[in-house]
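Undergrad: Sharing entry.json here; it has JSON, C-alpha atoms.
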[["chain", "number", "residue", "atom", "x", "y", "z"],
["A", 1331, "MET", "CA", 42.06, -71.36, -10.87],
["A", 1332, "SER", "CA", 41.84, -71.53, -14.65],
["A", 1333, "GLU", "CA", 41.81, -68.41, -16.79],
["A", 1334, "GLU", "CA", 38.32, -69.35, -17.99],
["A", 1335, "ILE", "CA", 36.99, -69.38, -14.42],
["A", 1336, "LYS", "CA", 38.75, -66.10, -13.61],
["A", 1337, "GLN", "CA", 37.07, -64.48, -16.60],
["A", 1338, "ALA", "CA", 33.68, -65.86, -15.58],
["A", 1339, "VAL", "CA", 34.15, -64.41, -12.09],
["A", 1340, "ALA", "CA", 35.19, -61.06, -13.58],
["A", 1341, "ARG", "CA", 31.97, -61.02, -15.62],
["A", 1342, "GLY", "CA", 29.86, -61.99, -12.61],
["A", 1343, "GLU", "CA", 28.83, -65.29, -14.20],
["A", 1344, "MET", "CA", 30.50, -67.05, -11.27],
["A", 1345, "LEU", "CA", 30.94, -65.75, -7.73],
["A", 1346, "PRO", "CA", 33.06, -66.90, -4.75],
["A", 1347, "LEU", "CA", 30.17, -68.30, -2.72],
["A", 1348, "MET", "CA", 30.87, -68.60, 1.01],
["A", 1349, "GLU", "CA", 27.45, -69.77, 2.16],
["A", 1350, "GLU", "CA", 23.75, -69.52, 1.40],
["A", 1351, "PHE", "CA", 20.88, -70.06, 3.83],
["A", 1352, "TYR", "CA", 17.23, -69.32, 4.48],
["A", 1353, "THR", "CA", 16.59, -67.45, 7.73],
["A", 1354, "ILE", "CA", 15.05, -64.37, 9.33],
["A", 1355, "GLN", "CA", 16.57, -60.95, 8.59],
["A", 1356, "GLY", "CA", 18.01, -59.88, 11.92],
["A", 1357, "GLU", "CA", 19.00, -56.25, 11.37],
["A", 1358, "GLY", "CA", 17.83, -52.94, 10.05],
["A", 1359, "PHE", "CA", 14.59, -51.99, 8.31],
["A", 1360, "HIS", "CA", 13.50, -55.52, 7.35],
["A", 1361, "THR", "CA", 14.15, -57.10, 10.77],
["A", 1362, "GLY", "CA", 11.91, -60.08, 11.42],
["A", 1363, "THR", "CA", 11.17, -60.93, 7.79],
["A", 1364, "ALA", "CA", 12.10, -64.16, 6.05],
["A", 1365, "ALA", "CA", 14.88, -63.98, 3.45],
["A", 1366, "TYR", "CA", 17.38, -66.15, 1.63],
["A", 1367, "PHE", "CA", 20.93, -64.96, 2.28],
["A", 1368, "ILE", "CA", 23.73, -65.25, -0.25],
["A", 1369, "ARG", "CA", 27.11, -64.57, 1.36],
["A", 1370, "VAL", "CA", 29.84, -63.80, -1.14],
["A", 1371, "GLY", "CA", 33.51, -64.14, -0.18],
["A", 1372, "GLY", "CA", 36.07, -61.39, -0.59],
["A", 1373, "CYS", "CA", 36.55, -58.20, 1.44],
["A", 1374, "ASP", "CA", 39.48, -55.85, 2.05],
["A", 1375, "VAL", "CA", 37.64, -53.26, 4.16],
["A", 1376, "GLY", "CA", 39.07, -54.94, 7.27],
["A", 1377, "CYS", "CA", 36.78, -54.14, 10.21],
["A", 1378, "HIS", "CA", 38.56, -55.46, 13.30],
["A", 1379, "TRP", "CA", 35.23, -56.48, 14.88],
["A", 1380, "CYS", "CA", 33.91, -58.29, 11.78],
["A", 1381, "ASP", "CA", 32.07, -61.46, 12.83],
["A", 1382, "VAL", "CA", 32.71, -63.22, 9.51],
["A", 1383, "LYS", "CA", 36.44, -62.71, 8.99],
["A", 1384, "GLU", "CA", 36.50, -66.09, 7.24],
["A", 1385, "SER", "CA", 34.73, -64.31, 4.38],
["A", 1386, "TRP", "CA", 37.65, -61.97, 3.68],
["A", 1387, "ASP", "CA", 39.80, -64.25, 1.52],
["A", 1388, "ALA", "CA", 37.86, -64.93, -1.68],
["A", 1389, "ASN", "CA", 40.27, -67.72, -2.56],
["A", 1390, "LEU", "CA", 38.83, -69.82, 0.27],
["A", 1391, "HIS", "CA", 35.40, -69.86, -1.35],
["A", 1392, "PRO", "CA", 34.79, -71.80, -4.55],
["A", 1393, "PRO", "CA", 33.66, -69.92, -7.67],
["A", 1394, "THR", "CA", 30.05, -71.00, -8.13],
["A", 1395, "ALA", "CA", 27.91, -70.47, -11.21],
["A", 1396, "THR", "CA", 25.54, -67.55, -10.66],
["A", 1397, "SER", "CA", 22.76, -69.54, -12.32],
["A", 1398, "GLU", "CA", 23.24, -72.26, -9.68],
["A", 1399, "ILE", "CA", 23.04, -69.71, -6.85],
["A", 1400, "VAL", "CA", 19.80, -68.34, -8.31],
["A", 1401, "ALA", "CA", 18.32, -71.83, -8.70],
["A", 1402, "HIS", "CA", 18.93, -72.50, -5.01],
["A", 1403, "ALA", "CA", 17.48, -69.18, -3.89],
["A", 1404, "ARG", "CA", 14.22, -69.46, -5.80],
["A", 1405, "GLN", "CA", 13.34, -72.67, -3.96],
["A", 1406, "TYR", "CA", 13.08, -70.86, -0.64],
["A", 1407, "ALA", "CA", 12.09, -67.23, -0.70],
["A", 1408, "ASP", "CA", 10.76, -64.23, -2.57],
["A", 1409, "THR", "CA", 13.39, -61.96, -0.99],
["A", 1410, "VAL", "CA", 17.13, -62.46, -1.34],
["A", 1411, "VAL", "CA", 19.78, -60.60, 0.67],
["A", 1412, "VAL", "CA", 23.25, -60.44, -0.86],
["A", 1413, "THR", "CA", 25.94, -59.89, 1.75],
["A", 1414, "GLY", "CA", 29.58, -60.73, 2.39],
["A", 1415, "GLY", "CA", 32.38, -60.16, 2.70],
["A", 1416, "GLU", "CA", 31.89, -57.15, 0.52],
["A", 1417, "PRO", "CA", 29.59, -58.10, -2.36],
["A", 1418, "LEU", "CA", 30.43, -55.05, -4.47],
["A", 1419, "THR", "CA", 33.96, -56.38, -4.80],
["A", 1420, "TRP", "CA", 32.35, -58.29, -7.68],
["A", 1421, "ASP", "CA", 30.08, -57.36, -10.57],
["A", 1422, "MET", "CA", 26.56, -58.01, -9.26],
["A", 1423, "SER", "CA", 24.77, -57.28, -12.55],
["A", 1424, "VAL", "CA", 24.30, -60.89, -13.64],
["A", 1425, "LEU", "CA", 23.19, -62.08, -10.21],
["A", 1426, "THR", "CA", 20.56, -59.37, -9.71],
["A", 1427, "SER", "CA", 19.30, -59.68, -13.29],
["A", 1428, "GLU", "CA", 18.79, -63.42, -12.96],
["A", 1429, "LEU", "CA", 17.20, -63.16, -9.50],
["A", 1430, "LYS", "CA", 14.79, -60.46, -10.66],
["A", 1431, "SER", "CA", 13.92, -62.46, -13.78],
["A", 1432, "GLN", "CA", 12.62, -65.09, -11.33],
["A", 1433, "GLY", "CA", 10.40, -62.49, -9.67],
["A", 1434, "MET", "CA", 12.49, -62.07, -6.53],
["A", 1435, "ARG", "CA", 13.14, -58.92, -4.54],
["A", 1436, "VAL", "CA", 16.87, -58.35, -4.19],
["A", 1437, "HIS", "CA", 18.52, -56.60, -1.24],
["A", 1438, "ILE", "CA", 22.18, -55.84, -0.60],
["A", 1439, "GLU", "CA", 24.16, -55.18, 2.57],
["A", 1440, "THR", "CA", 27.35, -53.33, 1.69],
["A", 1441, "SER", "CA", 30.01, -50.99, 2.99],
["A", 1442, "GLY", "CA", 29.66, -49.11, -0.29],
["A", 1443, "ALA", "CA", 33.42, -49.06, -0.73],
["A", 1444, "TYR", "CA", 33.28, -50.12, -4.40],
["A", 1445, "PRO", "CA", 31.35, -48.95, -7.47],
["A", 1446, "VAL", "CA", 27.71, -49.96, -7.37],
["A", 1447, "THR", "CA", 26.76, -52.75, -9.77],
["A", 1448, "GLY", "CA", 23.48, -54.62, -9.94],
["A", 1449, "ASN", "CA", 19.83, -53.58, -9.77],
["A", 1450, "TRP", "CA", 18.65, -53.49, -6.16],
["A", 1451, "ASP", "CA", 15.21, -53.29, -4.57],
["A", 1452, "TRP", "CA", 16.76, -52.37, -1.22],
["A", 1453, "PHE", "CA", 20.22, -50.94, -0.62],
["A", 1454, "CYS", "CA", 21.52, -51.15, 2.96],
["A", 1455, "LEU", "CA", 24.65, -49.02, 3.29],
["A", 1456, "SER", "CA", 26.81, -49.77, 6.32],
["A", 1457, "PRO", "CA", 29.86, -47.50, 5.94],
["A", 1458, "LYS", "CA", 33.19, -48.25, 7.57],
["A", 1459, "LYS", "CA", 35.88, -45.76, 8.61],
["A", 1460, "THR", "CA", 38.64, -47.90, 7.11],
["A", 1461, "LYS", "CA", 37.31, -47.55, 3.54],
["A", 1462, "LEU", "CA", 34.59, -44.97, 2.99],
["A", 1463, "PRO", "CA", 31.73, -45.40, 0.52],
["A", 1464, "VAL", "CA", 31.85, -44.14, -3.03],
["A", 1465, "ASP", "CA", 29.50, -41.21, -3.75],
["A", 1466, "GLU", "CA", 27.12, -43.40, -5.72],
["A", 1467, "ALA", "CA", 26.52, -45.63, -2.69],
["A", 1468, "TYR", "CA", 25.28, -42.66, -0.65],
["A", 1469, "ASP", "CA", 22.87, -41.82, -3.47],
["A", 1470, "CYS", "CA", 21.56, -45.40, -3.63],
["A", 1471, "ALA", "CA", 21.07, -45.97, 0.09],
["A", 1472, "ASP", "CA", 17.57, -46.92, 1.21],
["A", 1473, "GLU", "CA", 18.92, -47.36, 4.70],
["A", 1474, "LEU", "CA", 22.07, -46.21, 6.46],
["A", 1475, "LYS", "CA", 23.20, -48.60, 9.20],
["A", 1476, "VAL", "CA", 26.12, -47.41, 11.31],
["A", 1477, "ILE", "CA", 27.77, -49.82, 13.73],
["A", 1478, "ILE", "CA", 28.52, -48.26, 17.12],
["A", 1479, "HIS", "CA", 31.66, -49.70, 18.71],
["A", 1480, "ASN", "CA", 32.69, -46.64, 20.71],
["A", 1481, "LYS", "CA", 31.48, -43.11, 21.48],
["A", 1482, "HIS", "CA", 33.33, -41.59, 18.53],
["A", 1483, "ASP", "CA", 31.16, -43.65, 16.21],
["A", 1484, "PHE", "CA", 28.23, -41.33, 16.93],
["A", 1485, "ILE", "CA", 30.24, -38.52, 15.31],
["A", 1486, "PHE", "CA", 31.02, -40.79, 12.35],
["A", 1487, "ALA", "CA", 27.33, -41.66, 12.08],
["A", 1488, "GLU", "CA", 26.34, -38.01, 11.80],
["A", 1489, "GLN", "CA", 29.02, -37.41, 9.18],
["A", 1490, "GLN", "CA", 27.65, -40.29, 7.13],
["A", 1491, "ALA", "CA", 24.05, -39.19, 7.60],
["A", 1492, "GLU", "CA", 24.93, -35.84, 5.99],
["A", 1493, "LYS", "CA", 26.09, -37.66, 2.84],
["A", 1494, "VAL", "CA", 23.19, -40.03, 2.16],
["A", 1495, "ASN", "CA", 20.13, -39.08, 0.13],
["A", 1496, "VAL", "CA", 17.24, -37.47, 2.02],
["A", 1497, "ASN", "CA", 15.07, -40.60, 1.87],
["A", 1498, "ALA", "CA", 17.57, -42.95, 3.54],
["A", 1499, "ILE", "CA", 16.32, -44.39, 6.85],
["A", 1500, "LEU", "CA", 18.93, -44.01, 9.59],
["A", 1501, "PHE", "CA", 19.92, -46.80, 12.00],
["A", 1502, "LEU", "CA", 22.42, -47.10, 14.82],
["A", 1503, "GLN", "CA", 23.41, -50.65, 15.76],
["A", 1504, "PRO", "CA", 25.63, -51.71, 18.67],
["A", 1505, "GLU", "CA", 28.63, -53.81, 17.75],
["A", 1506, "TRP", "CA", 27.82, -57.20, 19.24],
["A", 1507, "SER", "CA", 30.81, -57.55, 21.59],
["A", 1508, "LYS", "CA", 30.12, -54.07, 23.00],
["A", 1509, "ARG", "CA", 26.32, -54.30, 23.06],
["A", 1510, "GLU", "CA", 25.92, -54.10, 26.84],
["A", 1511, "GLU", "CA", 28.00, -50.95, 26.97],
["A", 1512, "MET", "CA", 26.79, -49.27, 23.77],
["A", 1513, "THR", "CA", 23.07, -50.12, 23.67],
["A", 1514, "PRO", "CA", 22.10, -47.75, 26.52],
["A", 1515, "LEU", "CA", 24.10, -44.97, 24.84],
["A", 1516, "ILE", "CA", 22.32, -45.64, 21.56],
["A", 1517, "VAL", "CA", 18.91, -45.57, 23.25],
["A", 1518, "ASP", "CA", 19.69, -42.20, 24.82],
["A", 1519, "TYR", "CA", 21.10, -40.88, 21.56],
["A", 1520, "VAL", "CA", 18.06, -41.88, 19.52],
["A", 1521, "MET", "CA", 15.72, -40.36, 22.08],
["A", 1522, "SER", "CA", 17.67, -37.10, 21.77],
["A", 1523, "ASN", "CA", 18.06, -37.41, 17.98],
["A", 1524, "PRO", "CA", 14.84, -39.07, 16.75],
["A", 1525, "LYS", "CA", 15.82, -39.02, 13.08],
["A", 1526, "TRP", "CA", 17.74, -42.19, 14.02],
["A", 1527, "ARG", "CA", 16.33, -45.64, 14.80],
["A", 1528, "VAL", "CA", 17.81, -48.49, 16.86],
["A", 1529, "SER", "CA", 18.89, -51.65, 15.07],
["A", 1530, "LEU", "CA", 19.83, -54.80, 16.99],
["A", 1531, "GLN", "CA", 21.28, -58.08, 15.77],
["A", 1532, "THR", "CA", 18.10, -59.91, 16.70],
["A", 1533, "HIS", "CA", 19.18, -63.09, 14.88],
["A", 1534, "LYS", "CA", 21.90, -63.51, 17.51],
["A", 1535, "TYR", "CA", 19.35, -63.22, 20.30],
["A", 1536, "LEU", "CA", 17.19, -65.74, 18.43],
["A", 1537, "ASN", "CA", 20.22, -68.01, 17.91],
["A", 1538, "ILE", "CA", 19.64, -68.35, 14.17],
["A", 1539, "PRO", "CA", 22.06, -67.72, 11.25]]
Can you turn what I pasted into structure tokens?

TA:
Amino acid sequence: MSEEIKQAVARGEMLPLMEEFYTIQGEGFHTGTAAYFIRVGGCDVGCHWCDVKESWDANLHPPTATSEIVAHARQYADTVVVTGGEPLTWDMSVLTSELKSQGMRVHIETSGAYPVTGNWDWFCLSPKKTKLPVDEAYDCADELKVIIHNKHDFIFAEQQAEKVNVNAILFLQPEWSKREEMTPLIVDYVMSNPKWRVSLQTHKYLNIP
């Protein structure tokens, strides 16, 4: 990679684009709504159950001009979801500025492990034990989505709920490979602790991206 491209990536004028696609949001608060997804490569948070491990190595995904990404997105949808990988590995300021200049709503799905860049209409914080969010991410969160892989994750969820701002909407979501075991526990937990809501990966049930 040339020094010029490296500098463009550092400035957020190019991003390691893994994939982009128009689909239905499958998780969290905006479940069931149409959105254009931009998946950015690069992540060192290292969740063992991650279902897109191919996103981890940014070097596998070609640096793509941010203006090109925006041009693609505006053809499909009014709402864009930026995900990864871990999108906050990179400076998101240019991407969000250009998307919003086209009149689009811009959402992010992030572990919050890196400083918050960009201007977001919706901030989905999904914290991971391996690399906890920065304080600013808790302040920004519109929704907190905690993945439940085992019973201890309920304790982790409560710890994270104490840190987010008072307006954040709280979700518990079963990790897909453990869904049959964890979903009934989540249902019982939410019924006993109604500040929480259930999130499911409905796109996987619908067999869409």

Undergrad: Using CA of Ser1427 in chain A and CA of Gly1448 in chain A as the two end points, give the distance in Å to one decimal.

TA: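 Distance reported for this atom pair: 7.4 Å.
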
Undergrad: Within 10 Å of range 1473-1489 of chain A, counting all atoms listed in the file, which residues show up once you throw out same-chain ones fewer than 2 positions away? Write them as JSON, numbers by chain, please.

TA: {"A": [1357, 1358, 1359, 1379, 1439, 1440, 1441, 1452, 1453, 1454, 1455, 1456, 1457, 1458, 1459, 1468, 1470, 1471, 1491, 1492, 1493, 1494, 1495, 1497, 1498, 1499, 1500, 1501, 1502, 1503, 1504, 1505, 1506, 1507, 1508, 1509, 1511, 1512, 1513, 1515, 1516, 1519, 1526, 1527, 1528, 1529, 1530]}

Undergrad: Counting only C-alpha atoms, which residue out of A:Ile1438, A:Val1446, A:Ala1467, A:Leu1462 sits closest to Cys1377 in chain A?

TA: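 Smallest distance to Cys1377 in chain A is found for A:Leu1462.
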
Undergrad: I need the residue nearest Ser1431 in chain A from this list: A:Ser1397, A:Thr1419, A:Gln1355, A:Gln1337. Use only C-alpha atoms for the distance.

TA: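 For Ser1431 in chain A, the nearest of the given residues is A:Ser1397.
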
Undergrad: Place a sphere of radius 10 Å on (13.9, -62.4, 3.2) in the file coordinates and name every protein, DNA or RNA residue with an atom inside or on its surface, counting all atoms listed in the file; give the answer as a PDB file with C-alpha atoms, in the coordinates of the input.

TA:
ATOM      1  CA  TYR A1352      17.230 -69.320   4.480  1.00  0.00           C
ATOM      2  CA  THR A1353      16.590 -67.450   7.730  1.00  0.00           C
ATOM      3  CA  ILE A1354      15.050 -64.370   9.330  1.00  0.00           C
ATOM      4  CA  GLN A1355      16.570 -60.950   8.590  1.00  0.00           C
ATOM      5  CA  GLY A1356      18.010 -59.880  11.920  1.00  0.00           C
ATOM      6  CA  HIS A1360      13.500 -55.520   7.350  1.00  0.00           C
ATOM      7  CA  THR A1361      14.150 -57.100  10.770  1.00  0.00           C
ATOM      8  CA  GLY A1362      11.910 -60.080  11.420  1.00  0.00           C
ATOM      9  CA  THR A1363      11.170 -60.930   7.790  1.00  0.00           C
ATOM     10  CA  ALA A1364      12.100 -64.160   6.050  1.00  0.00           C
ATOM     11  CA  ALA A1365      14.880 -63.980   3.450  1.00  0.00           C
ATOM     12  CA  TYR A1366      17.380 -66.150   1.630  1.00  0.00           C
ATOM     13  CA  PHE A1367      20.930 -64.960   2.280  1.00  0.00           C
ATOM     14  CA  TYR A1406      13.080 -70.860  -0.640  1.00  0.00           C
ATOM     15  CA  ALA A1407      12.090 -67.230  -0.700  1.00  0.00           C
ATOM     16  CA  ASP A1408      10.760 -64.230  -2.570  1.00  0.00           C
ATOM     17  CA  THR A1409      13.390 -61.960  -0.990  1.00  0.00           C
ATOM     18  CA  VAL A1410      17.130 -62.460  -1.340  1.00  0.00           C
ATOM     19  CA  VAL A1411      19.780 -60.600   0.670  1.00  0.00           C
ATOM     20  CA  MET A1434      12.490 -62.070  -6.530  1.00  0.00           C
ATOM     21  CA  ARG A1435      13.140 -58.920  -4.540  1.00  0.00           C
ATOM     22  CA  VAL A1436      16.870 -58.350  -4.190  1.00  0.00           C
ATOM     23  CA  HIS A1437      18.520 -56.600  -1.240  1.00  0.00           C
TER      24      HIS A1437
END

Undergrad: Please report, as lines of an AutoDock Vina configuration file, the centre and edge lengths in Å to one decimal of an axis-aligned box covering all listed atoms of range 1336-1351 of chain A with 4 Å per side.

TA:
center_x = 29.8
center_y = -65.5
center_z = -6.4
size_x = 25.9
size_y = 17.0
size_z = 28.4

Undergrad: Would you pick out the contacts of Leu1345 in chain A at 7 Å or less, using only C-alpha atoms, so that residues sharing its chain but fewer than 4 positions from it are not included, and give the list as a list in words?

TA: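 Non-adjacent residues within range: Val1339, Val1370, Pro1393, Thr1394, Ala1395 and Thr1396 of chain A.
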
Undergrad: Taking into account all atoms listed in the file, which residue in the set A:Val1520, A:Leu1536, A:Ala1443, A:Met1331 is nearest to Val1375 in chain A?

TA: A:Ala1443

Undergrad: In Å, rounded to a single decimal, give me how far CA of Pro1463 in chain A is from CA of Asn1523 in chain A.

TA: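 Calculated distance between CA of Asn1523 in chain A and CA of Pro1463 in chain A is 23.6 Å.
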
Undergrad: Quick one: pull the distance between CA of Ser1385 in chain A and CA of Glu1334 in chain A, Å, one decimal.

TA: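 A separation of 23.2 Å between them.
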
Undergrad: Let me make sure I understand: among A:Glu1416, A:Pro1445, A:Thr1460, A:Val1424, which one has the smallest atom-to-atom distance to Gly1376 in chain A if we use all atoms listed in the file?

TA: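 Of A:Glu1416, A:Pro1445, A:Thr1460, A:Val1424, the one nearest Gly1376 in chain A is A:Thr1460, counting all atoms listed in the file.
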
Undergrad: Check the smallest atom-to-atom distance from each of A:Leu1390, A:Trp1420, A:Asp1472, A:Asp1465 to Thr1447 in chain A using all atoms listed in the file, then report the winner.

TA: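 Selected residue with least distance to Thr1447 in chain A: A:Trp1420.
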
Undergrad: Working from the structure I just supplied, which lacks atoms in range 1387-1401 of chain A, can you model N, CA, C and O atoms there and output them as a short mmCIF file (atom, residue, chain, number, x, y, z; two decimals), in the coordinates of the input?

TA:
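Dumped everything to out.cif:
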data_model
loop_
_atom_site.label_atom_id
_atom_site.label_comp_id
_atom_site.auth_asym_id
_atom_site.auth_seq_id
_atom_site.Cartn_x
_atom_site.Cartn_y
_atom_site.Cartn_z
N ASP A 1387 38.95 -63.70 2.58
CA ASP A 1387 39.80 -64.25 1.52
C ASP A 1387 38.92 -64.97 0.50
O ASP A 1387 38.45 -66.09 0.73
N ALA A 1388 38.73 -64.35 -0.65
CA ALA A 1388 37.86 -64.93 -1.68
C ALA A 1388 38.38 -66.27 -2.17
O ALA A 1388 37.60 -67.13 -2.61
N ASN A 1389 39.68 -66.48 -2.07
CA ASN A 1389 40.27 -67.72 -2.56
C ASN A 1389 39.83 -68.95 -1.76
O ASN A 1389 40.00 -70.09 -2.21
N LEU A 1390 39.29 -68.72 -0.57
CA LEU A 1390 38.83 -69.82 0.27
C LEU A 1390 37.44 -70.31 -0.14
O LEU A 1390 36.98 -71.34 0.35
N HIS A 1391 36.79 -69.57 -1.02
CA HIS A 1391 35.40 -69.86 -1.35
C HIS A 1391 35.27 -70.16 -2.84
O HIS A 1391 35.66 -69.35 -3.68
N PRO A 1392 34.74 -71.33 -3.17
CA PRO A 1392 34.79 -71.80 -4.55
C PRO A 1392 33.93 -70.96 -5.49
O PRO A 1392 32.78 -70.65 -5.17
N PRO A 1393 34.48 -70.59 -6.66
CA PRO A 1393 33.66 -69.92 -7.67
C PRO A 1393 32.47 -70.81 -8.05
O PRO A 1393 32.64 -71.98 -8.39
N THR A 1394 31.29 -70.26 -7.90
CA THR A 1394 30.05 -71.00 -8.13
C THR A 1394 29.26 -70.30 -9.21
O THR A 1394 29.16 -69.06 -9.21
N ALA A 1395 28.69 -71.06 -10.12
CA ALA A 1395 27.91 -70.47 -11.21
C ALA A 1395 26.75 -69.65 -10.64
O ALA A 1395 26.01 -70.12 -9.78
N THR A 1396 26.62 -68.43 -11.13
CA THR A 1396 25.54 -67.55 -10.66
C THR A 1396 24.18 -68.19 -10.90
O THR A 1396 23.28 -68.09 -10.06
N SER A 1397 24.03 -68.88 -12.02
CA SER A 1397 22.76 -69.54 -12.32
C SER A 1397 22.42 -70.59 -11.26
O SER A 1397 21.25 -70.79 -10.91
N GLU A 1398 23.45 -71.26 -10.73
CA GLU A 1398 23.24 -72.26 -9.68
C GLU A 1398 22.80 -71.60 -8.38
O GLU A 1398 21.90 -72.10 -7.68
N ILE A 1399 23.41 -70.46 -8.05
CA ILE A 1399 23.04 -69.71 -6.85
C ILE A 1399 21.57 -69.28 -6.94
O ILE A 1399 20.81 -69.41 -5.98
N VAL A 1400 21.18 -68.79 -8.10
CA VAL A 1400 19.80 -68.34 -8.31
C VAL A 1400 18.83 -69.51 -8.20
O VAL A 1400 17.75 -69.39 -7.58
N ALA A 1401 19.19 -70.65 -8.75
CA ALA A 1401 18.32 -71.83 -8.70
C ALA A 1401 18.07 -72.27 -7.26
O ALA A 1401 16.95 -72.67 -6.90
#
